[in-house]
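Down below is the structure, laid out as structure tokens.
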Amino acid sequence: MTFRYCPECGCTLVQRETAGKSVPYCESCQQFCFPVSLPCVICLVVNEYNEIALIKQTYATKNKVCIAGFIEQGETAEQAALREVKEETGLTPLSVRYISSYYYEKKDNLMLGFAAFVNKAEFHIQPDEVESAAWYSIDEARHELSKGVTGKDLLRDWLRE
Ligand SMILES: [Zn+2]
């Protein structure tokens, strides 16, 4: 997100040089308003049989995707990963482990990728957010995740470990 107005006082920002870069600056607050990419988490949910949970979201695409969501203010990335998995699948992760980060240009999100380990169980989904959830073998998951979705890269990087 690149600021055009000061998030503190609402003044129109001007461009000012700092460290060889042109950055939006508020003349009234005398501070730079550096662009920010909103941090999200994306989780590869894995069970004890090495099966992967993929969901179909109620809104947006028809594609099956990994669990993902924004990091809330005051949360660590690990806490956000735990919360999102619980909210979107109804399952409680035994552990979450950081894998790698990804930049999602379309929405200017920095996505922090985790593997979340859960015991295999029935999903309890919230129908307003998630249409369906299911377990897939690694090969099936690789096939279900379309090219270009971040979950495909996360799966690849998890398998490399
Ligand atoms: Zn200002």
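Residue numbering restarts at 1 for every chain of the structure tokens, chains are lettered A, B, ... in their displayed order, and ligands are numbered from 1 as they appear.
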
TODO: Would you please extract all strand (DSSP E) residues from stretch 13-98 of chain A, as assigned by DSSP on the backbone, and give them as a ChimeraX atom specification?
DONE: /A:14-18,21-26,31-32,38-46,52-57,64-65,67-70,95-98

TODO: Please provide the set of residues having any atom within 7 Å of A:Thr58, restricted to only C-alpha atoms, with same-chain residues fewer than 4 positions apart removed, written as JSON, numbers by chain.
DONE: {"A": [128, 129, 130, 131]}

Just the selected residues (C-alpha atoms), exported as a short mmCIF file (atom, residue, chain, number, x, y, z; two decimals), in the first residue's frame, please.
data_model
loop_
_atom_site.label_atom_id
_atom_site.label_comp_id
_atom_site.auth_asym_id
_atom_site.auth_seq_id
_atom_site.Cartn_x
_atom_site.Cartn_y
_atom_site.Cartn_z
CA ASP A 128 -19.93 -17.87 5.18
CA GLU A 129 -16.19 -18.12 4.48
CA VAL A 130 -15.50 -21.67 3.41
CA GLU A 131 -17.69 -23.65 1.03
#

Please give me, as a PDB file with N, CA and C atoms, in the first residue's frame, the residues lying within 12 Å of ligand 1 when counting only C-alpha atoms and all ligand atoms.
ATOM      1  N   PHE A   3       0.942   5.223   0.380  1.00  0.00           N
ATOM      2  CA  PHE A   3       0.083   6.277   0.932  1.00  0.00           C
ATOM      3  C   PHE A   3       0.066   7.505   0.023  1.00  0.00           C
ATOM      4  N   ARG A   4      -1.131   8.069  -0.135  1.00  0.00           N
ATOM      5  CA  ARG A   4      -1.273   9.352  -0.839  1.00  0.00           C
ATOM      6  C   ARG A   4      -1.607  10.448   0.166  1.00  0.00           C
ATOM      7  N   TYR A   5      -2.238  10.053   1.259  1.00  0.00           N
ATOM      8  CA  TYR A   5      -2.594  10.994   2.325  1.00  0.00           C
ATOM      9  C   TYR A   5      -1.961  10.504   3.621  1.00  0.00           C
ATOM     10  N   CYS A   6      -1.639  11.430   4.503  1.00  0.00           N
ATOM     11  CA  CYS A   6      -0.998  11.060   5.763  1.00  0.00           C
ATOM     12  C   CYS A   6      -1.983  10.260   6.630  1.00  0.00           C
ATOM     13  N   PRO A   7      -1.580   9.062   7.086  1.00  0.00           N
ATOM     14  CA  PRO A   7      -2.491   8.263   7.926  1.00  0.00           C
ATOM     15  C   PRO A   7      -2.728   8.891   9.304  1.00  0.00           C
ATOM     16  N   GLU A   8      -1.888   9.859   9.715  1.00  0.00           N
ATOM     17  CA  GLU A   8      -2.061  10.540  11.007  1.00  0.00           C
ATOM     18  C   GLU A   8      -2.985  11.742  10.891  1.00  0.00           C
ATOM     19  N   CYS A   9      -2.693  12.630   9.916  1.00  0.00           N
ATOM     20  CA  CYS A   9      -3.423  13.905   9.878  1.00  0.00           C
ATOM     21  C   CYS A   9      -4.260  14.085   8.616  1.00  0.00           C
ATOM     22  N   GLY A  10      -4.110  13.214   7.641  1.00  0.00           N
ATOM     23  CA  GLY A  10      -4.933  13.295   6.436  1.00  0.00           C
ATOM     24  C   GLY A  10      -4.447  14.267   5.377  1.00  0.00           C
ATOM     25  N   CYS A  11      -3.300  14.948   5.620  1.00  0.00           N
ATOM     26  CA  CYS A  11      -2.751  15.875   4.620  1.00  0.00           C
ATOM     27  C   CYS A  11      -2.313  15.125   3.366  1.00  0.00           C
ATOM     28  N   THR A  12      -2.362  15.805   2.243  1.00  0.00           N
ATOM     29  CA  THR A  12      -1.810  15.235   1.011  1.00  0.00           C
ATOM     30  C   THR A  12      -0.295  15.152   1.155  1.00  0.00           C
ATOM     31  N   LEU A  13       0.256  14.005   0.802  1.00  0.00           N
ATOM     32  CA  LEU A  13       1.696  13.795   0.959  1.00  0.00           C
ATOM     33  C   LEU A  13       2.453  14.336  -0.247  1.00  0.00           C
ATOM     34  N   VAL A  14       3.688  14.716  -0.022  1.00  0.00           N
ATOM     35  CA  VAL A  14       4.577  15.117  -1.120  1.00  0.00           C
ATOM     36  C   VAL A  14       5.653  14.045  -1.240  1.00  0.00           C
ATOM     37  N   PRO A  24       6.796   9.060  -0.064  1.00  0.00           N
ATOM     38  CA  PRO A  24       5.761  10.007   0.372  1.00  0.00           C
ATOM     39  C   PRO A  24       6.090  10.591   1.751  1.00  0.00           C
ATOM     40  N   TYR A  25       5.897  11.912   1.881  1.00  0.00           N
ATOM     41  CA  TYR A  25       6.301  12.627   3.099  1.00  0.00           C
ATOM     42  C   TYR A  25       5.184  13.569   3.519  1.00  0.00           C
ATOM     43  N   CYS A  26       4.898  13.631   4.829  1.00  0.00           N
ATOM     44  CA  CYS A  26       3.904  14.579   5.336  1.00  0.00           C
ATOM     45  C   CYS A  26       4.634  15.802   5.873  1.00  0.00           C
ATOM     46  N   GLU A  27       4.367  16.953   5.255  1.00  0.00           N
ATOM     47  CA  GLU A  27       5.056  18.182   5.668  1.00  0.00           C
ATOM     48  C   GLU A  27       4.527  18.677   7.009  1.00  0.00           C
ATOM     49  N   SER A  28       3.269  18.344   7.319  1.00  0.00           N
ATOM     50  CA  SER A  28       2.685  18.810   8.563  1.00  0.00           C
ATOM     51  C   SER A  28       3.220  17.996   9.761  1.00  0.00           C
ATOM     52  N   CYS A  29       3.277  16.665   9.633  1.00  0.00           N
ATOM     53  CA  CYS A  29       3.804  15.818  10.719  1.00  0.00           C
ATOM     54  C   CYS A  29       5.320  15.658  10.634  1.00  0.00           C
ATOM     55  N   GLN A  30       5.886  16.090   9.519  1.00  0.00           N
ATOM     56  CA  GLN A  30       7.331  15.956   9.271  1.00  0.00           C
ATOM     57  C   GLN A  30       7.779  14.502   9.405  1.00  0.00           C
ATOM     58  N   GLN A  31       7.057  13.642   8.721  1.00  0.00           N
ATOM     59  CA  GLN A  31       7.512  12.243   8.710  1.00  0.00           C
ATOM     60  C   GLN A  31       7.239  11.566   7.366  1.00  0.00           C
ATOM     61  N   PHE A  32       8.095  10.589   7.096  1.00  0.00           N
ATOM     62  CA  PHE A  32       7.917   9.777   5.897  1.00  0.00           C
ATOM     63  C   PHE A  32       6.811   8.760   6.126  1.00  0.00           C
ATOM     64  N   CYS A  33       6.048   8.498   5.091  1.00  0.00           N
ATOM     65  CA  CYS A  33       5.017   7.456   5.163  1.00  0.00           C
ATOM     66  C   CYS A  33       5.424   6.369   4.173  1.00  0.00           C
TER      67      CYS A  33
END

Task: d(atom CA of A:Phe114, atom CA of A:Ser95) in Å - done: 9.9 Å

Residue contacts of A:Thr89 (9 Å, only C-alpha atoms) excluding same-chain residues fewer than 6 positions away, as a compact mmCIF listing (two decimals) with C-alpha atoms, in the first residue's frame:
# COMPACT_ATOMS: atom_id res chain seq x y z
CA ALA A 53 -6.25 -29.92 3.70
CA ILE A 55 -10.51 -25.45 1.01
CA ILE A 67 -5.78 -21.67 4.50
CA GLU A 122 -13.71 -34.02 10.37
CA PHE A 123 -13.72 -30.40 9.29
CA HIS A 124 -16.00 -27.90 10.96
CA ILE A 125 -16.24 -25.06 8.48
CA GLN A 126 -17.93 -21.69 8.65
CA VAL A 130 -15.50 -21.67 3.41
CA ALA A 133 -12.76 -28.55 2.86

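Of the listed residues A:Ala19, A:Leu44, A:Arg142, A:Thr150, the one whose atoms come nearest to A:Ala116 is A:Leu44, with distances taken using only C-alpha atoms.
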
Task: Spatial neighbours of stretch 81-83 of chain A, 12 Å, only C-alpha atoms, chain gap at least 3 places, as a ChimeraX atom specification - done: /A:39-45,66-72,75-78,86-98,111-118

Open item on the list: Give me, as a PyMOL selection string, the residues of stretch 30-130 of chain A that a backbone DSSP run labels alpha helix (DSSP H).
Closed with: chain A and resi 77-89

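Those residues that approach stretch 134-138 of chain A to within 9 Å, counting only C-alpha atoms, are Val46, Asn47, Tyr49, Asn50, Glu51, Ile52, Ala53, Leu54, Ile55, Lys56, Lys120, Glu122, Phe123, Ala141, Arg142, His143, Glu144 and Leu155 of chain A; same-chain residues fewer than 3 positions away are not listed.
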
Could you write out the selected residues, including C-alpha atoms, as a PDB file, in the first residue's frame?
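Below is the file that was written, out.pdb:
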ATOM      1  CA  VAL A  46      -0.878 -31.499   7.075  1.00  0.00           C
ATOM      2  CA  ASN A  47      -2.119 -34.547   9.023  1.00  0.00           C
ATOM      3  CA  TYR A  49      -0.960 -39.478   7.003  1.00  0.00           C
ATOM      4  CA  ASN A  50       0.804 -36.695   5.061  1.00  0.00           C
ATOM      5  CA  GLU A  51      -2.532 -35.550   3.670  1.00  0.00           C
ATOM      6  CA  ILE A  52      -3.094 -31.886   2.876  1.00  0.00           C
ATOM      7  CA  ALA A  53      -6.252 -29.920   3.697  1.00  0.00           C
ATOM      8  CA  LEU A  54      -7.460 -27.673   0.904  1.00  0.00           C
ATOM      9  CA  ILE A  55     -10.505 -25.450   1.011  1.00  0.00           C
ATOM     10  CA  LYS A  56     -12.847 -23.870  -1.478  1.00  0.00           C
ATOM     11  CA  LYS A 120      -6.873 -36.075  10.994  1.00  0.00           C
ATOM     12  CA  GLU A 122     -13.711 -34.016  10.369  1.00  0.00           C
ATOM     13  CA  PHE A 123     -13.720 -30.399   9.288  1.00  0.00           C
ATOM     14  CA  ALA A 141      -2.919 -31.534  -3.701  1.00  0.00           C
ATOM     15  CA  ARG A 142      -0.216 -30.737  -6.230  1.00  0.00           C
ATOM     16  CA  HIS A 143      -2.793 -31.310  -8.952  1.00  0.00           C
ATOM     17  CA  GLU A 144      -5.622 -29.397  -7.235  1.00  0.00           C
ATOM     18  CA  LEU A 155       3.711 -27.170  -0.956  1.00  0.00           C
TER      19      LEU A 155
END
